[in-house]
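See structure below.
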Amino acid sequence: MAHPRMLTSGALDIYPYIDATSALGRDKIKDLQLQATSERGVFVLRDQEIKTDELKSLIQRMGELTGKPDEGKLHINPIHSEVNRCLGDDQVLSDPEVYVVSSEHNRDKFDDYLNTKHKQFASRGWHADTSYGNIPSDYIGMKIVKIPKTGGDTIVASCYGAYDRLSEPWQKMADSLSSTHLEPDIMPLTGKGIKLWMGARGHPENVGGNFEARHPLVVTNPVTGWKALWGFSPISMRANGKIDGVTEYEHELMKAYFLKLITDNHNLQYRHRWGPNDVVIWDNRTVFHAGTYDLTNEERLVLRVTSLTGKFNCDPASLS
């Protein structure tokens, strides 16, 4: 029996849009301010006159309307309630439920992985947000604030499509596996004078200093009932994260193959070049994303709001 899925009403079909690619992405051109879909994975809304509080309400409400548990609120990043204030005096920057994604912050506090002078594969940047949390996210909204003249695009790839590229024996194997995710960059920040927030971070199960969680390798999206090859998030596995229950060699083989499904299938990707006041919303159970490694000295600054949901699962009865 097929997994039950939530059907769309079709009420939004009257608004003009284009599908960004055949695999994923929907671009609303005008007349409609904000709406997104788990089927298309990523939703682009141009030149939005939306305040940060309104974006927060929208992303939280999207999760509520698609059945997330009452405990799921907006994610609080363990570092950004403090780091945001270092970026300026704007009240928005002190809101712990708003994650300020700044290329300047990345260069200063993290490993500056967006720097093109580092001789590395850009594919290391593919990831799903907050996968190190016991309770991960469903919907994420990002609004651009500062746009560089060139560079700083965001690429999104369909985890639905990656799962569909697997043969049936590999699909069955992937359905049975879990993976351990972690965020190795957080705790070292204490040595740089950053005070971490150890309280509840948007859900009672996301608390403390153990930024490590186990999730299914294949996730069934409860809105569509479709399977997504989600649980091998490359950034979360670059240190000690791994596919559980397999040998180290098998892990490396699978991780390389799964990543290849994303990087070598450009027809599963959508590349967004940011325009003024753009808002991009995606279903974090359905896609990976990455920033492009082509920024110069100009800052790219985006405000991110993240809804937390319930635990992920793989329903054997669900479909690709």
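Chain identifiers are assigned as A, B, and so on, following the order in which chains appear in the structure tokens; residues are numbered from 1 within each chain, and ligands are numbered from 1 in order of appearance.
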Contact table stretch 58-83 of chain A vs stretch 278-301 of chain A, cut-off 12 Å, shortest pair per residue, only C-alpha atoms, as a Markdown table:
```
| residue | atom | partner | partner_atom | distance |
| --- | --- | --- | --- | --- |
| A:Leu58 | CA | A:Ile281 | CA | 10.4 |
| A:Ile59 | CA | A:Ile281 | CA | 8.6 |
| A:Met62 | CA | A:Asp283 | CA | 10.2 |
| A:Gly63 | CA | A:Asp283 | CA | 9.9 |
| A:Thr66 | CA | A:Asp283 | CA | 11.4 |
```
Practice problem: Write out as a PyMOL selection string all residues of stretch 124-280 of chain A that backbone DSSP assigns to alpha helix (DSSP H). | Solution: chain A and resi 159-164+168-175+248-263
Counting only C-alpha atoms, what are the residues of stretch 130-194 of chain A within 7 Å of stretch 205-223 of chain A, and for each of them which pair of atoms is the nearest and at what distance in Å, to one decimal? Sort the table by chain and rising number, as a tab-separated table.
```
residue	atom	partner	partner_atom	distance
A:Tyr132	CA	A:Glu212	CA	4.8
A:Gly133	CA	A:Ala213	CA	5.6
A:Asn134	CA	A:Ala213	CA	5.1
A:Ile135	CA	A:Asn206	CA	6.4
A:Ala174	CA	A:Leu217	CA	6.3
A:Asp175	CA	A:Val218	CA	5.5
A:Leu177	CA	A:Leu217	CA	5.6
A:Ser178	CA	A:Pro216	CA	4.1
A:Ser179	CA	A:His215	CA	5.5
A:Thr180	CA	A:Arg214	CA	4.4
A:His181	CA	A:Ala213	CA	5.3
A:Leu182	CA	A:Glu212	CA	4.2
A:Glu183	CA	A:Phe211	CA	5.8
```
Quiz item: Smallest atom-to-atom distance to A:Arg271: which of A:Ile50, A:Leu45, A:Leu303, A:Ile155, using only C-alpha atoms?
Solution: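 Smallest distance to A:Arg271 is found for A:Ile155.
Summary of the local environment: counting only C-alpha atoms, residues at most 12 Å from A:Met173, other than itself and those fewer than 3 positions away along its chain, are Tyr163, Leu166, Ser167, Glu168, Pro169, Trp170, Ser176, Leu177, Ser178, Pro216, Leu217, Val218, Leu229, Ile243, Gly245, Val246, Met254 and Pro316 of chain A.
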Self-check item: Residue with smallest distance to A:Asp53 - pool A:Glu252, A:Asp264, A:Trp197, A:Glu97, counting only C-alpha atoms
Solution: A:Glu97
Practice problem: May I ask for the distance between atom CA of A:Trp126 and atom CA of A:Pro234, given in Å to one decimal place? | Solution: 5.9 Å
Practice problem: Name the closest residue to A:Thr190 among the candidates A:Lys260, A:Ser103, A:Pro78, A:Gln60; distances are taken between atoms, counting only C-alpha atoms. | Solution: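 Distance minimum relative to A:Thr190 lands on A:Pro78.
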Practice problem: Might you pull out every residue within 12 Å of A:Glu64, with only C-alpha atoms counted and same-chain residues fewer than 6 positions away left off, and present them as a PyMOL selection string? | Solution: chain A and resi 57-58+70-74+138-139+223+307-310
Output file for the selection above: N, CA, C and O atoms, as a short mmCIF file (atom, residue, chain, number, x, y, z; two decimals), in the first residue's frame:
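The resulting file, part07.cif, is shown below:
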```
data_model
loop_
_atom_site.label_atom_id
_atom_site.label_comp_id
_atom_site.auth_asym_id
_atom_site.auth_seq_id
_atom_site.Cartn_x
_atom_site.Cartn_y
_atom_site.Cartn_z
N SER A 57 6.94 33.95 11.40
CA SER A 57 5.57 33.44 11.55
C SER A 57 5.20 32.52 10.39
O SER A 57 4.55 31.48 10.60
N LEU A 58 5.63 32.87 9.20
CA LEU A 58 5.32 32.06 8.03
C LEU A 58 5.95 30.67 8.13
O LEU A 58 5.28 29.65 7.95
N ASP A 70 3.61 19.79 18.37
CA ASP A 70 3.49 21.07 19.07
C ASP A 70 4.81 21.52 19.67
O ASP A 70 5.04 22.72 19.84
N GLU A 71 5.69 20.57 20.02
CA GLU A 71 6.97 20.93 20.64
C GLU A 71 7.91 21.63 19.67
O GLU A 71 8.87 22.27 20.08
N GLY A 72 7.68 21.45 18.39
CA GLY A 72 8.58 22.01 17.39
C GLY A 72 8.38 23.50 17.20
O GLY A 72 7.32 23.95 16.76
N LYS A 73 9.39 24.28 17.53
CA LYS A 73 9.35 25.74 17.36
C LYS A 73 10.43 26.14 16.35
O LYS A 73 10.86 25.32 15.55
N LEU A 74 10.86 27.38 16.41
CA LEU A 74 11.92 27.84 15.52
C LEU A 74 13.28 27.54 16.13
O LEU A 74 13.50 27.69 17.34
N ASP A 138 12.04 20.98 9.15
CA ASP A 138 11.23 20.73 7.96
C ASP A 138 11.40 21.88 6.97
O ASP A 138 11.99 21.71 5.92
N TYR A 139 10.96 23.07 7.34
CA TYR A 139 11.03 24.18 6.40
C TYR A 139 12.04 25.24 6.83
O TYR A 139 12.19 25.53 8.01
N VAL A 223 4.69 14.92 4.03
CA VAL A 223 3.77 15.73 3.23
C VAL A 223 3.49 15.06 1.89
O VAL A 223 2.35 15.00 1.44
N SER A 307 12.33 26.07 10.88
CA SER A 307 11.30 25.39 11.67
C SER A 307 11.78 23.99 12.04
O SER A 307 12.30 23.25 11.20
N LEU A 308 11.59 23.62 13.31
CA LEU A 308 11.92 22.27 13.75
C LEU A 308 10.66 21.42 13.76
O LEU A 308 9.56 21.89 14.09
N THR A 309 10.82 20.14 13.43
CA THR A 309 9.68 19.25 13.28
C THR A 309 9.76 18.12 14.29
O THR A 309 10.09 18.34 15.45
N GLY A 310 9.48 16.88 13.88
CA GLY A 310 9.65 15.71 14.73
C GLY A 310 10.77 14.85 14.19
O GLY A 310 11.48 15.22 13.25
#
```
Quiz item: Could you pull out the strand (DSSP E) residues of stretch 51-277 of chain A from DSSP and send them as a PyMOL selection string?
Solution: chain A and resi 99-102+137-146+154-158+178-182+212-216+218-220+227-229+242-243+269-272
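For the atom pair formed by atom CA of A:Glu39 and atom CA of A:Ser158, the distance is 10.3 Å, given to one decimal.
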Quiz item: Nearest to A:Phe312: which of A:Phe121, A:Gln171, A:Lys68, A:Gly151 is it, counting only C-alpha atoms?
Solution: A:Lys68
Practice problem: Identify, on the basis of only C-alpha atoms, every residue whose closest approach to A:Ala162 does not exceed 8 Å; exclude the query and any residue fewer than 3 positions from it along the same chain; express the result as a ChimeraX atom specification. | Solution: /A:158-159,165-166,228-229,258,261-262,268
